[in-house]
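What's in target_35.cif: mmCIF, C-alpha atoms
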data_model
loop_
_atom_site.group_PDB
_atom_site.id
_atom_site.type_symbol
_atom_site.label_atom_id
_atom_site.label_comp_id
_atom_site.auth_asym_id
_atom_site.auth_seq_id
_atom_site.Cartn_x
_atom_site.Cartn_y
_atom_site.Cartn_z
ATOM 1 C CA MET A 1 108.647 48.212 121.644
ATOM 2 C CA ALA A 2 110.490 48.646 124.893
ATOM 3 C CA ILE A 3 112.619 51.676 125.439
ATOM 4 C CA LEU A 4 115.872 50.688 127.043
ATOM 5 C CA ARG A 5 118.214 52.873 128.908
ATOM 6 C CA TRP A 6 121.339 53.225 126.789
ATOM 7 C CA ARG A 7 123.660 51.007 128.787
ATOM 8 C CA ASP A 8 121.666 48.256 130.344
ATOM 9 C CA PRO A 9 121.335 45.766 127.449
ATOM 10 C CA PHE A 10 125.060 45.153 127.312
ATOM 11 C CA GLU A 11 125.752 44.341 130.895
ATOM 12 C CA THR A 12 123.526 41.344 131.422
ATOM 13 C CA THR A 13 124.948 38.007 130.338
ATOM 14 C CA ALA A 14 128.327 36.448 130.834
ATOM 15 C CA PHE A 15 128.859 36.353 127.096
ATOM 16 C CA THR A 16 128.484 40.092 126.619
ATOM 17 C CA GLU A 17 130.609 40.535 129.687
ATOM 18 C CA LEU A 18 133.370 38.601 127.910
ATOM 19 C CA ASN A 19 132.981 40.767 124.833
ATOM 20 C CA ARG A 20 133.313 43.828 126.981
ATOM 21 C CA LEU A 21 136.480 42.443 128.523
ATOM 22 C CA GLN A 22 137.895 41.784 125.072
ATOM 23 C CA GLU A 23 136.982 45.282 123.951
ATOM 24 C CA GLU A 24 138.683 46.737 127.005
ATOM 25 C CA MET A 25 141.815 44.673 126.393
ATOM 26 C CA ASN A 26 141.897 45.915 122.819
ATOM 27 C CA MET A 27 141.579 49.474 124.016
ATOM 28 C CA LEU A 28 144.379 48.934 126.475
ATOM 29 C CA PHE A 29 146.633 47.712 123.669
ATOM 30 C CA ASP A 30 145.569 50.524 121.377
ATOM 31 C CA ARG A 31 146.329 53.066 124.033
ATOM 32 C CA PHE A 32 149.709 51.464 124.618
ATOM 33 C CA PHE A 33 150.515 51.761 120.921
ATOM 34 C CA GLY A 34 149.335 55.333 120.848
ATOM 35 C CA GLU A 35 145.980 54.896 119.196
ATOM 36 C CA GLN A 36 142.930 56.519 120.716
ATOM 37 C CA ARG A 37 139.744 54.622 120.210
ATOM 38 C CA THR A 38 136.301 54.706 121.681
ATOM 39 C CA PRO A 39 134.713 51.340 122.449
ATOM 40 C CA VAL A 40 132.236 50.166 119.844
ATOM 41 C CA ARG A 41 129.227 48.214 121.055
ATOM 42 C CA ASN A 42 126.180 47.756 118.954
ATOM 43 C CA ALA A 43 122.655 47.248 120.178
ATOM 44 C CA GLY A 44 121.786 44.581 117.629
ATOM 45 C CA VAL A 45 119.217 46.777 115.924
ATOM 46 C CA PHE A 46 119.463 48.459 112.522
ATOM 47 C CA PRO A 47 120.672 51.132 112.080
ATOM 48 C CA ALA A 48 123.792 51.464 114.199
ATOM 49 C CA VAL A 49 123.923 54.966 115.635
ATOM 50 C CA ASN A 50 126.563 57.168 117.144
ATOM 51 C CA VAL A 51 125.506 59.630 119.798
ATOM 52 C CA ALA A 52 127.702 62.554 120.720
ATOM 53 C CA GLN A 53 127.205 65.826 122.526
ATOM 54 C CA ASP A 54 128.686 69.211 123.156
ATOM 55 C CA ALA A 55 127.514 71.947 125.511
ATOM 56 C CA ASP A 56 124.474 72.900 123.419
ATOM 57 C CA ASN A 57 123.399 69.905 121.360
ATOM 58 C CA VAL A 58 123.109 66.169 121.183
ATOM 59 C CA TYR A 59 124.087 64.703 117.816
ATOM 60 C CA ILE A 60 122.941 61.396 116.417
ATOM 61 C CA THR A 61 124.427 59.979 113.231
ATOM 62 C CA ALA A 62 123.525 56.777 111.441
ATOM 63 C CA GLU A 63 124.779 55.173 108.263
ATOM 64 C CA LEU A 64 121.777 54.718 105.997
ATOM 65 C CA PRO A 65 123.062 54.217 102.456
ATOM 66 C CA GLY A 66 120.403 54.566 99.790
ATOM 67 C CA ILE A 67 117.850 56.085 102.116
ATOM 68 C CA SER A 68 116.793 59.635 101.397
ATOM 69 C CA GLY A 69 114.759 61.974 103.573
ATOM 70 C CA LYS A 70 111.428 60.880 102.155
ATOM 71 C CA ASP A 71 111.988 57.265 103.225
ATOM 72 C CA LEU A 72 112.530 58.305 106.836
ATOM 73 C CA ASP A 73 110.110 59.039 109.632
ATOM 74 C CA ILE A 74 111.704 60.557 112.705
ATOM 75 C CA THR A 75 109.863 61.213 115.945
ATOM 76 C CA VAL A 76 111.610 63.157 118.686
ATOM 77 C CA GLU A 77 110.442 63.059 122.256
ATOM 78 C CA GLU A 78 111.986 64.678 125.291
ATOM 79 C CA GLU A 79 114.376 61.861 126.030
ATOM 80 C CA SER A 80 114.243 59.543 123.064
ATOM 81 C CA VAL A 81 114.220 59.487 119.288
ATOM 82 C CA LEU A 82 112.407 57.020 117.085
ATOM 83 C CA ILE A 83 113.921 56.468 113.639
ATOM 84 C CA LYS A 84 111.719 54.547 111.242
ATOM 85 C CA GLY A 85 112.203 53.948 107.585
ATOM 86 C CA GLU A 86 112.465 51.613 104.711
ATOM 87 C CA ARG A 87 115.153 50.706 102.258
ATOM 88 C CA ARG A 88 113.807 49.663 98.930
ATOM 89 C CA GLY A 89 115.825 47.512 96.646
ATOM 90 C CA GLY A 90 113.855 45.103 94.606
ATOM 91 C CA PRO A 91 114.549 43.497 91.284
ATOM 92 C CA GLU A 92 116.522 45.441 88.734
ATOM 93 C CA GLY A 93 114.511 44.586 85.674
ATOM 94 C CA GLU A 94 113.896 41.382 83.802
ATOM 95 C CA ASP A 95 116.429 38.699 82.969
ATOM 96 C CA VAL A 96 118.688 39.478 85.854
ATOM 97 C CA SER A 97 120.774 36.886 87.595
ATOM 98 C CA TYR A 98 122.487 37.628 90.866
ATOM 99 C CA HIS A 99 126.077 36.750 91.671
ATOM 100 C CA ARG A 100 126.104 38.286 95.105
ATOM 101 C CA ARG A 101 123.434 39.761 97.284
ATOM 102 C CA GLU A 102 124.783 41.140 100.521
ATOM 103 C CA ARG A 103 122.926 44.427 100.849
ATOM 104 C CA GLY A 104 119.753 44.121 102.830
ATOM 105 C CA GLU A 105 116.432 45.745 102.215
ATOM 106 C CA GLY A 106 113.284 46.211 104.213
ATOM 107 C CA LYS A 107 111.849 48.217 107.045
ATOM 108 C CA PHE A 108 113.520 49.314 110.215
ATOM 109 C CA SER A 109 112.555 50.994 113.435
ATOM 110 C CA ARG A 110 114.914 52.028 116.150
ATOM 111 C CA THR A 111 114.520 53.916 119.387
ATOM 112 C CA VAL A 112 117.521 55.749 120.747
ATOM 113 C CA ALA A 113 117.459 56.933 124.358
ATOM 114 C CA LEU A 114 119.076 60.331 124.752
ATOM 115 C CA PRO A 115 121.575 61.247 127.468
ATOM 116 C CA THR A 116 119.652 64.415 128.396
ATOM 117 C CA ARG A 117 116.378 66.169 127.740
ATOM 118 C CA VAL A 118 116.127 67.964 124.400
ATOM 119 C CA VAL A 119 113.873 70.490 122.701
ATOM 120 C CA ALA A 120 111.986 68.305 120.268
ATOM 121 C CA GLU A 121 110.570 71.204 118.199
ATOM 122 C CA SER A 122 113.960 72.629 117.241
ATOM 123 C CA THR A 123 115.535 69.379 116.091
ATOM 124 C CA THR A 124 117.099 69.402 112.649
ATOM 125 C CA ALA A 125 117.793 66.397 110.449
ATOM 126 C CA GLU A 126 119.763 66.040 107.239
ATOM 127 C CA THR A 127 120.941 63.196 105.078
ATOM 128 C CA ARG A 128 124.140 63.516 103.116
ATOM 129 C CA ASP A 129 125.961 60.794 101.209
ATOM 130 C CA GLY A 130 123.914 58.147 102.956
ATOM 131 C CA ILE A 131 124.525 59.423 106.468
ATOM 132 C CA LEU A 132 121.708 60.773 108.607
ATOM 133 C CA LYS A 133 122.589 63.476 111.069
ATOM 134 C CA LEU A 134 120.230 64.722 113.743
ATOM 135 C CA THR A 135 120.997 67.804 115.783
ATOM 136 C CA LEU A 136 118.962 67.998 118.974
ATOM 137 C CA PRO A 137 119.300 71.158 121.058
ATOM 138 C CA LYS A 138 119.539 70.428 124.757
ATOM 139 C CA ALA A 139 116.776 71.648 127.017
ATOM 140 C CA GLU A 140 117.674 74.916 128.716
ATOM 141 C CA GLU A 141 117.614 73.408 132.216
ATOM 142 C CA VAL A 142 120.217 70.733 131.453
ATOM 143 C CA LYS A 143 122.722 72.968 129.678
ATOM 144 C CA PRO A 144 125.910 73.463 131.631
ATOM 145 C CA LYS A 145 125.861 76.763 133.456
ATOM 146 C CA LYS A 146 128.802 78.960 133.994
ATOM 147 C CA ILE A 147 128.790 80.558 137.374
ATOM 148 C CA GLU A 148 130.684 83.742 137.700
ATOM 149 C CA ILE A 149 132.377 84.396 140.970
ATOM 150 C CA LYS A 150 132.556 87.955 142.005
ATOM 151 C CA VAL A 151 135.723 89.084 143.606
ATOM 152 C CA ASP A 152 135.486 92.066 145.860
ATOM 153 C CA MET B 1 106.023 40.200 101.983
ATOM 154 C CA GLU B 2 107.462 42.425 104.648
ATOM 155 C CA THR B 3 111.084 42.108 105.549
ATOM 156 C CA ASN B 4 112.969 43.872 108.249
ATOM 157 C CA LEU B 5 116.430 45.242 107.812
ATOM 158 C CA GLU B 6 118.830 43.537 110.139
ATOM 159 C CA LEU B 7 121.955 44.947 111.589
ATOM 160 C CA ARG B 8 125.122 43.605 110.066
ATOM 161 C CA GLY B 9 128.275 44.875 111.591
ATOM 162 C CA LYS B 10 130.759 46.558 109.319
ATOM 163 C CA LYS B 11 133.505 44.178 108.309
ATOM 164 C CA GLU B 12 136.911 45.576 108.847
ATOM 165 C CA MET B 13 139.621 44.630 106.426
ATOM 166 C CA GLU B 14 142.918 43.193 107.503
ATOM 167 C CA ALA B 15 145.490 45.484 106.000
ATOM 168 C CA LYS B 16 148.017 43.979 103.656
ATOM 169 C CA GLY B 17 151.272 45.642 104.429
ATOM 170 C CA GLU B 18 151.370 48.833 106.356
ATOM 171 C CA LEU B 19 148.978 51.663 105.784
ATOM 172 C CA THR B 20 150.051 55.250 105.789
ATOM 173 C CA GLN B 21 147.013 56.330 107.775
ATOM 174 C CA ARG B 22 145.836 54.896 111.015
ATOM 175 C CA ARG B 23 142.171 54.511 110.266
ATOM 176 C CA PRO B 24 140.017 51.492 109.671
ATOM 177 C CA VAL B 25 139.245 50.214 106.200
ATOM 178 C CA PHE B 26 135.942 48.413 105.733
ATOM 179 C CA ILE B 27 134.705 45.911 103.207
ATOM 180 C CA PRO B 28 131.508 47.318 101.677
ATOM 181 C CA ALA B 29 128.469 45.086 101.227
ATOM 182 C CA VAL B 30 127.734 44.604 97.523
ATOM 183 C CA ASP B 31 125.112 43.296 95.165
ATOM 184 C CA ILE B 32 126.381 41.999 91.846
ATOM 185 C CA PHE B 33 124.039 40.977 89.086
ATOM 186 C CA GLU B 34 124.152 40.623 85.355
ATOM 187 C CA ASN B 35 121.790 40.785 82.455
ATOM 188 C CA ASN B 36 122.474 40.209 78.781
ATOM 189 C CA GLU B 37 124.101 43.571 78.332
ATOM 190 C CA ALA B 38 126.126 44.267 81.427
ATOM 191 C CA LEU B 39 127.402 43.316 84.812
ATOM 192 C CA VAL B 40 126.168 45.684 87.514
ATOM 193 C CA LEU B 41 127.793 46.184 90.880
ATOM 194 C CA ILE B 42 126.175 48.113 93.727
ATOM 195 C CA ALA B 43 128.127 48.869 96.878
ATOM 196 C CA ASP B 44 127.088 50.521 100.147
ATOM 197 C CA MET B 45 129.642 53.156 100.996
ATOM 198 C CA PRO B 46 127.996 55.697 103.297
ATOM 199 C CA GLY B 47 129.920 58.930 103.695
ATOM 200 C CA VAL B 48 131.751 58.672 100.388
ATOM 201 C CA THR B 49 131.250 61.514 97.902
ATOM 202 C CA ASN B 50 131.712 61.477 94.131
ATOM 203 C CA GLU B 51 135.261 62.725 94.513
ATOM 204 C CA GLY B 52 136.126 60.066 97.070
ATOM 205 C CA VAL B 53 135.576 57.097 94.769
ATOM 206 C CA GLU B 54 138.358 55.394 92.885
ATOM 207 C CA ILE B 55 137.666 52.511 90.519
ATOM 208 C CA HIS B 56 140.407 50.541 88.894
ATOM 209 C CA LEU B 57 140.168 47.723 86.394
ATOM 210 C CA GLU B 58 143.239 45.863 85.312
ATOM 211 C CA ASP B 59 143.717 42.310 84.053
ATOM 212 C CA GLY B 60 140.161 41.410 84.968
ATOM 213 C CA GLU B 61 140.543 42.633 88.513
ATOM 214 C CA LEU B 62 138.174 45.352 89.594
ATOM 215 C CA THR B 63 139.154 47.393 92.617
ATOM 216 C CA LEU B 64 136.961 49.876 94.436
ATOM 217 C CA ARG B 65 138.169 52.348 96.940
ATOM 218 C CA GLY B 66 136.080 54.909 98.793
ATOM 219 C CA ARG B 67 137.474 57.636 100.926
ATOM 220 C CA VAL B 68 135.490 59.256 103.702
ATOM 221 C CA ALA B 69 136.196 62.829 104.710
ATOM 222 C CA GLU B 70 137.942 63.072 108.052
ATOM 223 C CA GLU B 71 135.541 63.883 110.880
ATOM 224 C CA GLN B 72 136.258 66.637 113.302
ATOM 225 C CA GLN B 73 136.825 65.089 116.692
ATOM 226 C CA SER B 74 135.715 67.973 118.883
ATOM 227 C CA LEU B 75 132.519 66.254 120.023
ATOM 228 C CA ASN B 76 132.229 64.267 123.167
ATOM 229 C CA PRO B 77 131.014 60.759 122.251
ATOM 230 C CA VAL B 78 128.217 59.371 124.384
ATOM 231 C CA TYR B 79 127.591 56.153 122.625
ATOM 232 C CA THR B 80 129.512 54.657 119.704
ATOM 233 C CA GLU B 81 127.985 51.830 117.694
ATOM 234 C CA TYR B 82 129.915 52.145 114.472
ATOM 235 C CA ARG B 83 133.205 53.535 113.336
ATOM 236 C CA SER B 84 133.831 55.360 110.115
ATOM 237 C CA GLY B 85 136.656 54.680 107.778
ATOM 238 C CA ASP B 86 137.488 54.078 104.154
ATOM 239 C CA TYR B 87 136.219 51.280 101.971
ATOM 240 C CA TYR B 88 138.135 48.825 99.854
ATOM 241 C CA ARG B 89 137.181 45.722 97.936
ATOM 242 C CA SER B 90 138.371 43.948 94.843
ATOM 243 C CA PHE B 91 136.844 41.360 92.554
ATOM 244 C CA THR B 92 138.058 39.150 89.780
ATOM 245 C CA LEU B 93 135.748 39.476 86.827
ATOM 246 C CA SER B 94 135.019 36.399 84.805
ATOM 247 C CA ASN B 95 133.328 38.311 82.007
ATOM 248 C CA VAL B 96 135.052 40.225 79.279
ATOM 249 C CA ILE B 97 134.206 43.863 79.884
ATOM 250 C CA ASP B 98 134.132 46.700 77.413
ATOM 251 C CA GLN B 99 136.438 48.995 79.355
ATOM 252 C CA GLN B 100 135.570 52.081 77.323
ATOM 253 C CA LYS B 101 131.949 52.035 78.345
ATOM 254 C CA ILE B 102 132.147 51.568 82.107
ATOM 255 C CA GLU B 103 129.849 53.933 83.963
ATOM 256 C CA ALA B 104 129.898 54.702 87.645
ATOM 257 C CA SER B 105 127.736 56.908 89.804
ATOM 258 C CA MET B 106 127.485 57.715 93.461
ATOM 259 C CA LYS B 107 124.175 58.602 95.090
ATOM 260 C CA ASN B 108 123.122 58.692 98.750
ATOM 261 C CA GLY B 109 126.182 56.704 99.735
ATOM 262 C CA ILE B 110 125.623 53.988 97.138
ATOM 263 C CA LEU B 111 128.091 53.295 94.367
ATOM 264 C CA LYS B 112 126.718 51.823 91.178
ATOM 265 C CA ILE B 113 129.063 50.554 88.492
ATOM 266 C CA ILE B 114 127.780 49.365 85.135
ATOM 267 C CA LEU B 115 130.278 47.187 83.328
ATOM 268 C CA PRO B 116 129.013 46.526 79.796
ATOM 269 C CA LYS B 117 129.984 43.180 78.373
ATOM 270 C CA ALA B 118 132.252 43.193 75.376
ATOM 271 C CA GLU B 119 130.563 42.273 72.099
ATOM 272 C CA ALA B 120 132.328 38.918 71.969
ATOM 273 C CA ALA B 121 131.171 37.945 75.434
ATOM 274 C CA LYS B 122 127.451 38.540 74.975
ATOM 275 C CA PRO B 123 125.446 35.374 75.147
ATOM 276 C CA ARG B 124 124.301 33.770 71.929
ATOM 277 C CA HIS B 125 121.600 31.276 71.490
ATOM 278 C CA ILE B 126 122.807 28.158 69.820
ATOM 279 C CA THR B 127 120.224 25.965 68.265
ATOM 280 C CA VAL B 128 121.036 22.350 67.986
ATOM 281 C CA LYS B 129 120.072 20.924 64.641
ATOM 282 C CA ALA B 130 118.687 17.495 64.592
ATOM 283 C CA GLY B 131 120.852 15.344 62.368
#

Before anything else, please render the file you have as C-alpha cells.
Amino acid sequence: MAILRWRDPFETTAFTELNRLQEEMNMLFDRFFGEQRTPVRNAGVFPAVNVAQDADNVYITAELPGISGKDLDITVEEESVLIKGERRGGPEGEDVSYHRRERGEGKFSRTVALPTRVVAESTTAETRDGILKLTLPKAEEVKPKKIEIKVD
Amino acid sequence: METNLELRGKKEMEAKGELTQRRPVFIPAVDIFENNEALVLIADMPGVTNEGVEIHLEDGELTLRGRVAEEQQSLNPVYTEYRSGDYYRSFTLSNVIDQQKIEASMKNGILKIILPKAEAAKPRHITVKAG
C-alpha cells in the first residue's frame, strides 16, 4: 500500500478540482452568514479520520461504530499511523429476513500520514461510544520552542 | 469470503423548518430485520451515549434521535474528513408492535432497538384443506 502525503491525492484531476471549488464557495457563503466551517474532504478510504494538533500532541479521531479495542490493530511509525481492523456483523440468527441493510461489515486498513514526527512509544489510544481517539505526542525536536529575549 | 469495508460519506439531513442549533444532523445507516418474534433495528450513531438517545413511537412512526456531546474547539485542525453532529431518522412501521415491550440499548456507538410484534401480528401458518 502506498503512503501518500496528506494533500496530494485531492489536487490531481479536474473533477476533484471542481469539488474543491464548490467546497470553497460553500465556505465563502458560510463565512458570510457567520458560520465557521473547516473544509471536509475525504480520502475515499474507510475509516474517515480527523487529524488535529496542539503544541504537544497530534490527535487522530475516527468514527468506528461497533468496533472495540480488540478488533483494532494500530501501528505507529514516526510519520504515519496504520489503522487496521474488522467490523463483524453477520447473520442475527435463523429465520431472519432483512428489510434494510445499509451498515457495512468487513476488514479495513488505512494509513494516515502525520503532519510532524511523533514519539511512537508514548502513543495512547482509546475507543469510546464508537469513536477511536489516538493521542500522539510530538517529537521533542518539532515542538514549538519559546525563545526568551533577555532585556538588559 | 473476505469483504472490505468501504467508505460511505455521512448523509446530512435537510432540516425541515429552522433548527435552534447550528450544527449538522446526519441520517444514520441502519439495518432492519425481522424474525417471528420481533422487528430489530440497528443504527450506527458513533459518539452518542446512552443518555443522548431518544426514541419515539407514535401512530406507527418510529423516530430516533441521537445527540452528540459538543466538542471543544481548542484544537487546530490539520485534516478534516468527517464532521460530527446529531442523528435523526424516522420510519413508518408496517407491523403492529407491542409498545410495552420495546427494548433499546446503546453499545460502542451502535443503537439496537428490539420491537416485539404484538400477539395479533405474529405470523400463523394456515393449512389449506383439500376439499

B:Gly60, B:Pro116, B:Gly66, B:Gly47 ranked by distance to Asp98 of chain B, top pick (using all atoms listed in the file):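 Between B:Gly60, B:Pro116, B:Gly66, B:Gly47, the residue approaching Asp98 of chain B most closely is B:Pro116.
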
Pick from B:Ala120, B:Met13, B:Val40, B:Ile27 nearest to Gly93 of chain A, counting only C-alpha atoms: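 Going through B:Ala120, B:Met13, B:Val40, B:Ile27 one by one, the smallest distance to Gly93 of chain A is for B:Val40.
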
One-decimal distance in Å that lies between atom CA of Arg110 of chain A and atom CA of Pro77 of chain B: 19.3 Å

Residue list for chain A near chain B as a ChimeraX atom specification, 8 Å, all atoms listed in the file: /A:38-54,63-68,87,95-108,115,128-131

Point-to-point distance from atom CA of Leu115 of chain B to atom CA of Leu64 of chain B, Å rounded to tenths: 13.2 Å

Atom-to-atom span, atom CA of Gly52 of chain B and atom CA of Thr92 of chain B, Å: 22.2 Å

Nearest-residue call for Tyr59 of chain A, choices A:Glu121, A:Asp152, A:Pro144, A:Val112, using all atoms listed in the file: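 Using all atoms listed in the file, the shortest distance to Tyr59 of chain A belongs to A:Val112.
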
Nearest to Lys143 of chain A, chosen from A:Asp56, A:Ala113, A:Gln22, A:Ser80, with only C-alpha atoms counted in the distances: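 Under the stated criterion, the closest residue is A:Asp56.
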
Resolved residues for the PyMOL selection byres ((chain A and resi 142) around 10) as a ChimeraX atom specification: /A:55-56,116-118,138-141,143-145

Nearest to Ala118 of chain B by atom-to-atom distance, counting all atoms listed in the file, from B:Val25, B:Ala130, B:Leu62, B:Val96: B:Val96

Nearest candidate to Ile102 of chain B (options B:Lys122, B:Gly131, B:Ile55, B:Glu70; using only C-alpha atoms): B:Ile55

Shell of 8 Å around Phe26 of chain B, all atoms listed in the file, local chain residues under 3 positions omitted, as a PyMOL selection string: chain B and resi 10-13+85-88

Residue IDs satisfying the PyMOL selection byres ((chain A and resi 124) around 6), as a count of residues only: 4
